[in-house]
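J.: Contents of upload_0.txt (compact mmCIF, C-alpha atoms):
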# COMPACT_ATOMS: atom_id res chain seq x y z
CA MET A 334 0.00 0.00 0.00
CA LYS A 335 1.20 3.48 -0.84
CA LYS A 336 1.69 5.84 2.12
CA LEU A 337 0.42 9.38 1.80
CA SER A 338 1.12 12.67 3.58
CA LEU A 339 -1.54 15.37 3.33
CA CYS A 340 -0.01 18.86 3.35
CA MET A 341 -1.96 22.07 3.90
CA ILE A 342 -1.15 25.73 4.44
CA VAL A 343 -3.85 27.56 6.39
CA LYS A 344 -4.76 30.90 7.89
CA ASP A 345 -7.98 31.77 9.75
CA GLU A 346 -9.88 28.76 8.45
CA GLU A 347 -11.96 27.87 11.51
CA ASP A 348 -15.16 27.80 9.43
CA SER A 349 -13.95 25.24 6.89
CA LEU A 350 -11.04 23.23 8.27
CA ASP A 351 -13.18 20.61 10.03
CA ARG A 352 -15.01 19.89 6.80
CA ALA A 353 -11.78 19.40 4.86
CA LEU A 354 -10.09 17.19 7.44
CA GLU A 355 -13.05 15.02 8.43
CA ASN A 356 -12.91 13.03 5.18
CA ALA A 357 -9.16 13.52 4.80
CA LYS A 358 -8.58 11.31 7.84
CA ILE A 359 -10.08 8.44 5.82
CA PHE A 360 -7.04 8.25 3.54
CA ALA A 361 -4.19 10.36 4.99
CA ASP A 362 -1.45 8.46 6.82
CA GLU A 363 0.07 11.75 7.94
CA ILE A 364 -1.44 15.24 8.10
CA ILE A 365 0.84 18.27 7.94
CA ILE A 366 -0.71 21.64 8.82
CA VAL A 367 1.32 24.79 8.26
CA ASP A 368 -0.27 27.88 9.79
CA THR A 369 0.75 31.24 8.31
CA GLY A 370 -0.59 33.47 11.06
CA SER A 371 -4.09 32.51 12.19
CA THR A 372 -5.77 34.60 14.87
CA ASP A 373 -8.88 32.41 15.19
CA LYS A 374 -9.34 28.75 16.28
CA THR A 375 -7.71 27.23 13.19
CA LYS A 376 -4.80 25.60 15.04
CA GLU A 377 -7.09 24.37 17.81
CA ILE A 378 -9.23 22.59 15.20
CA ALA A 379 -6.16 21.21 13.42
CA LYS A 380 -4.97 19.59 16.65
CA LYS A 381 -8.01 17.29 16.57
CA TYR A 382 -6.58 15.65 13.45
CA SER A 383 -2.81 15.98 13.72
CA ASP A 384 0.08 16.72 16.04
CA LYS A 385 2.22 17.88 13.12
CA ILE A 386 1.31 21.56 13.13
CA PHE A 387 3.94 24.13 12.17
CA ASP A 388 4.06 27.91 12.26
CA TYR A 389 5.37 29.72 9.22
CA THR A 390 5.96 33.44 8.78
CA TRP A 391 4.15 34.58 5.65
CA VAL A 392 6.45 36.29 3.13
CA GLY A 393 3.98 36.86 0.28
CA ASP A 394 5.03 33.70 -1.57
CA PHE A 395 2.65 30.74 -1.82
CA SER A 396 5.28 28.41 -3.27
CA LYS A 397 7.65 28.96 -0.35
CA ALA A 398 4.87 28.21 2.13
CA ARG A 399 3.73 25.09 0.27
CA ASN A 400 7.29 23.85 -0.16
CA PHE A 401 7.83 24.31 3.58
CA SER A 402 4.80 22.09 4.19
CA PHE A 403 6.15 19.50 1.73
CA ASP A 404 9.51 19.53 3.51
CA GLN A 405 7.77 18.33 6.69
CA ALA A 406 6.29 15.28 4.95
CA THR A 407 7.93 11.96 5.78
CA LEU A 408 6.01 9.55 3.51
CA PRO A 409 6.60 8.52 -0.13
CA TYR A 410 3.64 10.46 -1.56
CA ILE A 411 2.23 13.91 -0.87
CA MET A 412 -1.25 15.27 -1.49
CA TRP A 413 -1.98 18.98 -1.14
CA LEU A 414 -5.26 20.56 -0.19
CA ASP A 415 -6.65 23.99 0.66
CA ALA A 416 -8.69 24.42 3.82
CA ASP A 417 -11.77 25.54 1.92
CA ASP A 418 -11.71 22.52 -0.38
CA ILE A 419 -14.27 19.75 -0.11
CA ILE A 420 -13.36 16.08 -0.41
CA PRO A 421 -16.51 14.04 -1.07
CA LYS A 422 -16.49 10.70 0.69
CA SER A 423 -16.47 9.00 -2.72
CA SER A 424 -13.23 10.82 -3.56
CA ALA A 425 -11.72 9.86 -0.20
CA GLU A 426 -12.54 6.23 -0.94
CA SER A 427 -11.05 6.59 -4.42
CA ILE A 428 -7.81 7.83 -2.88
CA LYS A 429 -7.75 4.72 -0.67
CA LYS A 430 -8.31 2.63 -3.78
CA TRP A 431 -5.41 4.39 -5.53
CA LYS A 432 -3.19 3.73 -2.50
CA ASP A 433 -3.91 0.00 -2.84
CA SER A 434 -3.12 -0.01 -6.56
CA GLU A 435 0.12 -1.12 -8.12
CA GLY A 436 2.39 1.28 -9.96
CA GLU A 437 5.03 3.87 -9.20
CA GLU A 438 3.54 6.98 -10.76
CA ASP A 439 5.16 10.33 -10.02
CA VAL A 440 2.14 12.59 -10.48
CA VAL A 441 -1.59 11.96 -10.17
CA MET A 442 -3.66 14.58 -12.00
CA CYS A 443 -7.20 14.95 -10.63
CA PRO A 444 -10.20 17.15 -11.47
CA TYR A 445 -10.54 20.33 -9.43
CA VAL A 446 -14.16 21.49 -9.52
CA ALA A 447 -14.14 25.23 -8.99
CA ASN A 448 -17.86 25.73 -9.56
CA TYR A 449 -20.83 23.36 -9.41
CA ASP A 450 -24.60 23.30 -9.05
CA GLU A 451 -26.70 22.50 -6.00
CA ASN A 452 -26.32 18.76 -6.72
CA PHE A 453 -22.52 19.01 -6.96
CA ASN A 454 -22.59 18.53 -10.72
CA PRO A 455 -19.44 20.19 -12.10
CA ILE A 456 -19.82 23.43 -14.05
CA PHE A 457 -16.24 24.70 -14.16
CA GLU A 458 -13.32 22.33 -13.64
CA TYR A 459 -9.76 21.59 -14.64
CA LEU A 460 -7.01 19.10 -13.84
CA ARG A 461 -4.52 19.75 -11.06
CA GLU A 462 -1.37 17.95 -9.95
CA ARG A 463 -3.05 16.74 -6.75
CA ILE A 464 -0.78 13.87 -5.60
CA VAL A 465 2.96 13.75 -6.23
CA LYS A 466 5.88 11.58 -5.24
CA ASN A 467 7.83 13.05 -2.34
CA THR A 468 10.91 14.17 -4.21
CA LYS A 469 12.74 17.49 -4.51
CA ALA A 470 12.09 17.39 -8.26
CA LEU A 471 8.37 17.88 -7.61
CA ARG A 472 8.12 21.14 -5.73
CA TRP A 473 6.16 24.35 -6.13
CA HIS A 474 7.06 27.30 -8.39
CA ASP A 475 5.76 30.90 -8.68
CA ARG A 476 4.87 33.22 -5.82
CA VAL A 477 1.18 33.28 -6.72
CA HIS A 478 -0.93 30.90 -8.83
CA GLU A 479 1.73 28.43 -7.80
CA VAL A 480 2.23 25.20 -9.70
CA ILE A 481 4.12 21.93 -9.56
CA VAL A 482 5.44 21.17 -13.04
CA PRO A 483 4.43 17.54 -13.70
CA SER A 484 7.25 15.23 -14.71
CA GLY A 485 8.02 11.54 -14.73
CA LYS A 486 5.16 9.05 -14.94
CA ILE A 487 1.90 11.02 -14.99
CA ILE A 488 -1.56 9.48 -14.67
CA HIS A 489 -5.08 10.97 -14.69
CA ASN A 490 -7.53 9.80 -12.04
CA TYR A 491 -11.03 11.16 -12.65
CA GLU A 492 -12.50 9.37 -9.62
CA ILE A 493 -10.65 11.71 -7.25
CA LYS A 494 -12.60 14.96 -7.55
CA ILE A 495 -11.84 17.86 -5.22
CA PHE A 496 -14.44 20.63 -4.95
CA HIS A 497 -13.68 24.23 -4.11
CA GLY A 498 -15.72 25.11 -1.05
CA LYS A 499 -16.53 28.66 -2.11
CA ASN A 500 -18.97 28.09 -4.93
CA GLU A 501 -19.35 31.78 -5.66
CA LYS A 502 -15.78 32.95 -5.83
CA LYS A 503 -15.15 36.54 -4.80
CA TYR A 504 -11.94 37.92 -6.18
CA SER A 505 -9.76 40.01 -3.93
CA SER A 506 -6.76 42.14 -4.76
CA ARG A 507 -4.39 39.84 -2.81
CA ASN A 508 -2.86 38.13 -5.85
CA LEU A 509 -2.71 41.34 -7.82
CA ILE A 510 -0.82 43.02 -4.98
CA ILE A 511 1.78 40.23 -5.05
CA TYR A 512 2.27 40.65 -8.80
CA LYS A 513 2.61 44.41 -8.38
CA GLN A 514 5.25 43.82 -5.69
CA MET A 515 7.15 41.53 -8.03
CA LEU A 516 7.14 44.17 -10.76
CA ASP A 517 8.16 46.89 -8.30
CA GLU A 518 11.10 44.67 -7.31
CA GLY A 519 12.16 44.59 -10.95
CA GLN A 520 11.25 40.96 -11.54
CA GLN A 521 10.54 39.94 -15.10
CA LEU A 522 7.37 37.88 -15.24
CA SER A 523 7.58 34.48 -16.88
CA PRO A 524 5.06 33.83 -19.69
CA ARG A 525 2.88 31.87 -17.27
CA SER A 526 3.03 34.61 -14.63
CA LEU A 527 2.26 37.26 -17.25
CA PHE A 528 -0.88 35.32 -18.21
CA TYR A 529 -2.06 35.10 -14.60
CA TYR A 530 -1.16 38.73 -13.96
CA ALA A 531 -3.39 39.73 -16.88
CA ARG A 532 -6.20 37.58 -15.44
CA GLU A 533 -5.88 39.27 -12.05
CA LEU A 534 -6.12 42.66 -13.74
CA TYR A 535 -9.27 41.51 -15.55
CA PHE A 536 -10.86 40.03 -12.43
CA ASN A 537 -10.13 43.24 -10.52
CA ASN A 538 -11.70 45.33 -13.30
CA PHE A 539 -8.54 47.01 -14.59
CA ILE A 540 -9.75 46.43 -18.13
CA ASP A 541 -7.36 48.65 -20.13
CA GLU A 542 -4.36 47.18 -18.32
CA ALA A 543 -5.71 43.66 -18.75
CA ILE A 544 -6.10 44.17 -22.50
CA HIS A 545 -2.51 45.38 -22.72
CA GLU A 546 -1.08 42.44 -20.74
CA PHE A 547 -3.21 39.77 -22.45
CA SER A 548 -2.12 41.17 -25.81
CA ARG A 549 1.52 41.19 -24.70
CA PHE A 550 1.24 37.59 -23.52
CA ILE A 551 -0.39 36.36 -26.73
CA SER A 552 2.01 38.20 -29.02
CA SER A 553 5.04 36.79 -27.17
CA GLY A 554 4.34 33.36 -28.65
CA LEU A 555 5.83 31.77 -25.53
CA GLY A 556 2.68 30.68 -23.73
CA TRP A 557 1.30 27.19 -23.19
CA LYS A 558 -1.47 26.34 -25.68
CA GLU A 559 -4.21 26.24 -23.04
CA ASN A 560 -3.14 29.58 -21.58
CA ASN A 561 -3.10 31.09 -25.07
CA ILE A 562 -6.68 29.98 -25.66
CA GLU A 563 -7.82 31.25 -22.26
CA ALA A 564 -5.99 34.55 -22.83
CA CYS A 565 -7.82 35.07 -26.14
CA LEU A 566 -11.11 34.25 -24.44
CA ASN A 567 -10.49 36.65 -21.56
CA LEU A 568 -9.23 39.35 -23.91
CA ALA A 569 -12.49 39.06 -25.84
CA LYS A 570 -14.47 39.48 -22.62
CA CYS A 571 -12.49 42.63 -21.87
CA TYR A 572 -13.33 44.03 -25.29
CA CYS A 573 -17.00 43.15 -24.78
CA ILE A 574 -17.02 45.22 -21.59
CA GLN A 575 -15.86 48.14 -23.73
CA GLU A 576 -18.43 47.18 -26.42
CA LYS A 577 -15.62 46.68 -28.95
CA TYR A 578 -17.27 43.63 -30.49
CA THR A 579 -15.15 43.43 -33.64
CA ASN A 580 -12.00 43.26 -31.52
CA ALA A 581 -13.68 40.65 -29.31
CA LEU A 582 -14.55 38.46 -32.29
CA THR A 583 -11.01 38.77 -33.63
CA SER A 584 -9.69 37.55 -30.28
CA LEU A 585 -12.09 34.61 -30.19
CA PHE A 586 -11.34 33.55 -33.76
CA GLY A 587 -7.67 33.71 -32.77
CA THR A 588 -8.17 30.65 -30.57
CA PHE A 589 -8.62 28.55 -33.71
CA ILE A 590 -4.88 28.93 -34.33
CA TYR A 591 -4.12 26.81 -31.29
CA ASP A 592 -6.70 24.01 -31.43
CA LEU A 593 -10.11 22.93 -32.63
CA PRO A 594 -12.91 25.28 -31.53
CA ARG A 595 -13.76 25.00 -27.84
CA SER A 596 -17.35 25.22 -26.61
CA GLU A 597 -16.43 28.18 -24.38
CA VAL A 598 -15.28 30.10 -27.46
CA LEU A 599 -18.21 29.10 -29.66
CA TYR A 600 -20.64 30.09 -26.93
CA GLU A 601 -18.99 33.52 -26.48
CA ILE A 602 -19.13 34.15 -30.24
CA GLY A 603 -22.83 33.37 -30.08
CA ASN A 604 -23.21 35.80 -27.18
CA ILE A 605 -21.62 38.62 -29.17
CA TYR A 606 -23.94 38.14 -32.14
CA SER A 607 -26.89 37.89 -29.74
CA GLN A 608 -25.80 41.15 -28.11
CA LYS A 609 -25.72 42.72 -31.58
CA GLU A 610 -29.25 41.29 -32.15
CA ASP A 611 -27.97 39.25 -35.08
CA PHE A 612 -29.90 36.23 -33.89
CA SER A 613 -29.47 34.08 -37.00
CA ARG A 614 -25.69 34.19 -36.67
CA ALA A 615 -25.95 33.70 -32.92
CA ILE A 616 -27.97 30.52 -33.52
CA TYR A 617 -25.27 29.19 -35.83
CA TRP A 618 -22.56 29.52 -33.17
CA TYR A 619 -24.72 28.35 -30.28
CA LYS A 620 -25.56 25.18 -32.22
CA LEU A 621 -21.85 24.53 -32.73
CA ALA A 622 -21.28 24.96 -28.98
CA LEU A 623 -24.15 22.65 -28.00
CA GLY A 624 -22.79 19.13 -27.72
CA ASN A 625 -19.24 20.17 -28.61
CA LYS A 626 -16.79 17.69 -27.14
CA ILE A 627 -15.30 18.63 -23.77
CA ASP A 628 -11.66 17.65 -23.34
CA LEU A 629 -10.68 17.66 -19.68
CA ASP A 630 -7.41 15.93 -20.61
CA SER A 631 -6.21 19.16 -22.20
CA GLY A 632 -5.46 20.54 -18.75
CA GLY A 633 -7.16 23.83 -19.53
CA PHE A 634 -10.09 25.47 -17.80
CA VAL A 635 -13.37 23.82 -18.80
CA ASN A 636 -16.83 25.33 -18.40
CA VAL A 637 -18.97 22.24 -18.92
CA GLU A 638 -22.21 24.20 -19.28
CA THR A 639 -21.01 26.01 -22.43
CA SER A 640 -21.58 22.74 -24.32
CA THR A 641 -24.85 21.85 -22.62
CA PHE A 642 -27.25 24.05 -20.69
CA LEU A 643 -26.08 27.55 -21.64
CA PRO A 644 -26.25 27.30 -25.47
CA ALA A 645 -29.58 25.43 -25.23
CA LEU A 646 -31.00 28.25 -23.12
CA ALA A 647 -29.60 30.85 -25.52
CA LEU A 648 -31.05 29.04 -28.54
CA CYS A 649 -34.47 29.10 -26.89
CA VAL A 650 -34.22 32.89 -26.57
CA CYS A 651 -32.83 33.48 -30.08
CA TYR A 652 -35.53 31.46 -31.81
CA ASP A 653 -38.16 33.28 -29.77
CA LYS A 654 -36.70 36.62 -30.89
CA LEU A 655 -37.08 35.42 -34.50
CA GLY A 656 -40.70 34.42 -33.88
CA ASP A 657 -39.98 30.69 -34.27
CA THR A 658 -41.95 29.31 -31.34
CA VAL A 659 -41.56 25.66 -32.36
CA ASN A 660 -37.75 25.71 -32.28
CA SER A 661 -37.74 28.00 -29.26
CA TYR A 662 -39.81 25.49 -27.29
CA HIS A 663 -37.63 22.63 -28.51
CA TYR A 664 -34.49 24.19 -27.08
CA HIS A 665 -36.37 25.12 -23.92
CA GLU A 666 -36.97 21.39 -23.47
CA VAL A 667 -33.29 20.68 -24.11
CA ALA A 668 -32.25 23.23 -21.50
CA LYS A 669 -34.89 21.91 -19.11
CA ALA A 670 -33.46 18.39 -19.40
CA TYR A 671 -30.12 19.70 -18.14
CA LYS A 672 -31.40 21.90 -15.30
CA PRO A 673 -35.13 21.51 -14.70
CA GLN A 674 -35.20 23.75 -11.61
CA ASP A 675 -33.10 26.60 -12.99
CA LYS A 676 -34.80 29.99 -12.56
CA SER A 677 -34.51 30.82 -16.27
CA VAL A 678 -36.00 27.47 -17.22
CA LEU A 679 -38.90 27.93 -14.83
CA HIS A 680 -39.47 31.44 -16.17
CA ASN A 681 -39.47 30.14 -19.76
CA GLN A 682 -41.82 27.31 -18.84
CA GLU A 683 -44.30 29.85 -17.49
CA TYR A 684 -43.88 31.88 -20.67
CA PHE A 685 -44.70 28.90 -22.89
CA ASP A 686 -47.58 27.82 -20.67
CA ASN A 687 -49.09 31.30 -21.04
CA LEU A 688 -48.59 31.20 -24.81
CA LYS A 689 -50.43 27.89 -24.97
CA LYS A 690 -53.33 29.21 -22.87
CA ASN A 691 -53.64 32.32 -25.05
CA ASN A 692 -53.66 30.25 -28.24
CA GLN A 693 -56.44 28.06 -26.85
CA LYS A 694 -58.74 31.03 -26.27
Starting from the coordinates I provided, produce the structure as structure tokens.
T.:
Amino acid sequence: MKKLSLCMIVKDEEDSLDRALENAKIFADEIIIVDTGSTDKTKEIAKKYSDKIFDYTWVGDFSKARNFSFDQATLPYIMWLDADDIIPKSSAESIKKWKDSEGEEDVVMCPYVANYDENFNPIFEYLRERIVKNTKALRWHDRVHEVIVPSGKIIHNYEIKIFHGKNEKKYSSRNLIIYKQMLDEGQQLSPRSLFYYARELYFNNFIDEAIHEFSRFISSGLGWKENNIEACLNLAKCYCIQEKYTNALTSLFGTFIYDLPRSEVLYEIGNIYSQKEDFSRAIYWYKLALGNKIDLDSGGFVNVETSTFLPALALCVCYDKLGDTVNSYHYHEVAKAYKPQDKSVLHNQEYFDNLKKNNQK
């Protein structure tokens, strides 16, 4: 059986730490908690699950803190987790199953579900390097949006799903402040860091700056394919905020250079034509998005609903705008099959019910 250390860095997590550790104790042979300055009951809660609790002075560098936690691990494999993550019991059991399996993999890539519906069905997810062999070659890089660069034997395990506990993510300026500090110190951002810096500018509503940095990242030609696609997508959203729809479409069509069209891109193209009230063109792109293959193996960010519920709902609206009630109702039924209790679906159902009653008079 493989032996596994769970490593966490925490600060003021008294509201979520119990939830994370309760199922973690099912599979973890060792739990390492590194506290970066809690002033609440975080460490008191941690002591219920582990006696390996360490204090660490925060220096504005997530990789250094995570690597410190890894350095305390004594077992052959390490799993990392954030305090506000949720480990479903099924995932905990899947980790136990993996521990009993044969093989000497170096990295286990697992889905990280950042957003989900009320039934825990994934909406937005991507693969993360969740379990790694305890070796100095597999350590964290980058001060913010830190990453372990996978190497060696890499496997994908889709049965181990970790859910982010904050379903509605609220972006703070914390990461942006770190990037600004790096620039003030004269550090040159790597292509990956430049991409995430541009995203932080976008999420914090510095749209002009975000456009400049996304454009600089894309034009460098040095980015990873998935980051290039995401950068084009985010750049388009920035242009849409400024109502520069031609620029937005140019950015979205630019993703076709890197790979086959993604549902996220096709859906956004449809949104732009819908915004311009060009509903026939919007329908064309929404239909391409609906049912488009989702490739979680790519490692990029995946919004599952852009190939299912969202384009179906949009098609319902577009056909209604064109006066085509038959097709509008058809796509209402498609959307309803995906999310029968969604507020928009319920609203549309009432709309169609009223239409039917009026036609019967």
J.: One decimal, Å: what's the distance from atom CA of Asp362 of chain A over to atom CA of Leu337 of chain A, could you say?
T.: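 Answer for the atom CA of Asp362 of chain A to atom CA of Leu337 of chain A separation: 5.4 Å.
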J.: Please write as a PyMOL selection string the list of polymer residues whose atoms come within 6 Å of (-11.0, 42.0, -28.3), counting all atoms listed in the file and keeping to the coordinates of the file.
T.: chain A and resi 568-569+572+580-581+584
J.: Take the residues from that selection and put them in a file with C-alpha atoms, as an mmCIF file, in the frame of the given file.
T.:
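again-v6.cif, written as the output of this step:
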data_model
loop_
_atom_site.group_PDB
_atom_site.id
_atom_site.type_symbol
_atom_site.label_atom_id
_atom_site.label_comp_id
_atom_site.auth_asym_id
_atom_site.auth_seq_id
_atom_site.Cartn_x
_atom_site.Cartn_y
_atom_site.Cartn_z
ATOM 1 C CA LEU A 568 -9.230 39.350 -23.910
ATOM 2 C CA ALA A 569 -12.490 39.060 -25.840
ATOM 3 C CA TYR A 572 -13.330 44.030 -25.290
ATOM 4 C CA ASN A 580 -12.000 43.260 -31.520
ATOM 5 C CA ALA A 581 -13.680 40.650 -29.310
ATOM 6 C CA SER A 584 -9.690 37.550 -30.280
#
J.: Which residues are close to segment 386-401 of chain A, i.e. within 7 Å by all atoms listed in the file, leaving aside same-chain residues fewer than 5 positions away? Reply as a PyMOL selection string.
T.: chain A and resi 342+365-370+472-477+479+511
J.: Just give me the gap between atom CA of Ser427 of chain A and atom CA of Ile493 of chain A in Å, one decimal is fine.
T.: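 About the pair atom CA of Ser427 of chain A and atom CA of Ile493 of chain A: they are 5.9 Å apart.
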J.: Under the rule that all atoms listed in the file are counted, which of A:Asn561, A:Gly554, A:Ile574, A:Cys340 is the nearest residue to Ile540 of chain A?
T.: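 For Ile540 of chain A, the nearest of the candidates is A:Ile574.
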J.: One decimal, Å: what's the distance from atom CA of Asn604 of chain A over to atom CA of Thr641 of chain A, could you say?
T.: 14.8 Å
J.: With distances taken over only C-alpha atoms, which of A:Ile420, A:Leu509, A:Leu585, A:Ile616 is nearest to Cys573 of chain A?
T.: A:Leu585
J.: In the coordinate frame of the file, compute which residues have an atom within 12 Å of (-2.3, 36.4, -17.2) when using only C-alpha atoms, and state them as number ranges by chain.
T.: A: 477-478, 508-509, 512, 522-536, 542-551, 556-557, 559-568
J.: I'd like to know which of A:Ser631, A:Asn538, A:Pro594, A:Lys620 is closest to Lys558 of chain A, using all atoms listed in the file.
T.: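 The answer is A:Ser631, which sits nearest to Lys558 of chain A.
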J.: When you count all atoms listed in the file, which of these residues is closest to Arg463 of chain A: A:Ser338, A:Gln405, A:Thr583, A:Asn687?
T.: A:Ser338
J.: Counting all atoms listed in the file, figure out which residue out of A:Lys374, A:Lys335, A:Lys344, A:His489 gets nearest to Leu629 of chain A.
T.: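 Checking each of A:Lys374, A:Lys335, A:Lys344, A:His489 against Leu629 of chain A, counting all atoms listed in the file, the winner is A:His489.
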J.: With all atoms listed in the file counted and 6 Å as the cut-off, give the residues of segment 486-518 of chain A in contact with segment 433-442 of chain A, each with its shortest interatomic distance in Å and the pair that gives it, as a Markdown table.
T.:
| residue | atom | partner | partner_atom | distance |
| --- | --- | --- | --- | --- |
| A:Lys486 | CA | A:Glu438 | CA | 4.9 |
| A:Ile487 | CA | A:Val440 | CA | 4.8 |
| A:Ile488 | CA | A:Val441 | CA | 5.1 |
| A:His489 | CA | A:Met442 | CA | 4.7 |
J.: Smallest atom-to-atom distance to Ala353 of chain A: which of A:Val465, A:Ile428, A:Ala615, A:Ile495, using all atoms listed in the file?
T.: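 The shortest atom-to-atom distance to Ala353 of chain A comes from A:Ile495.
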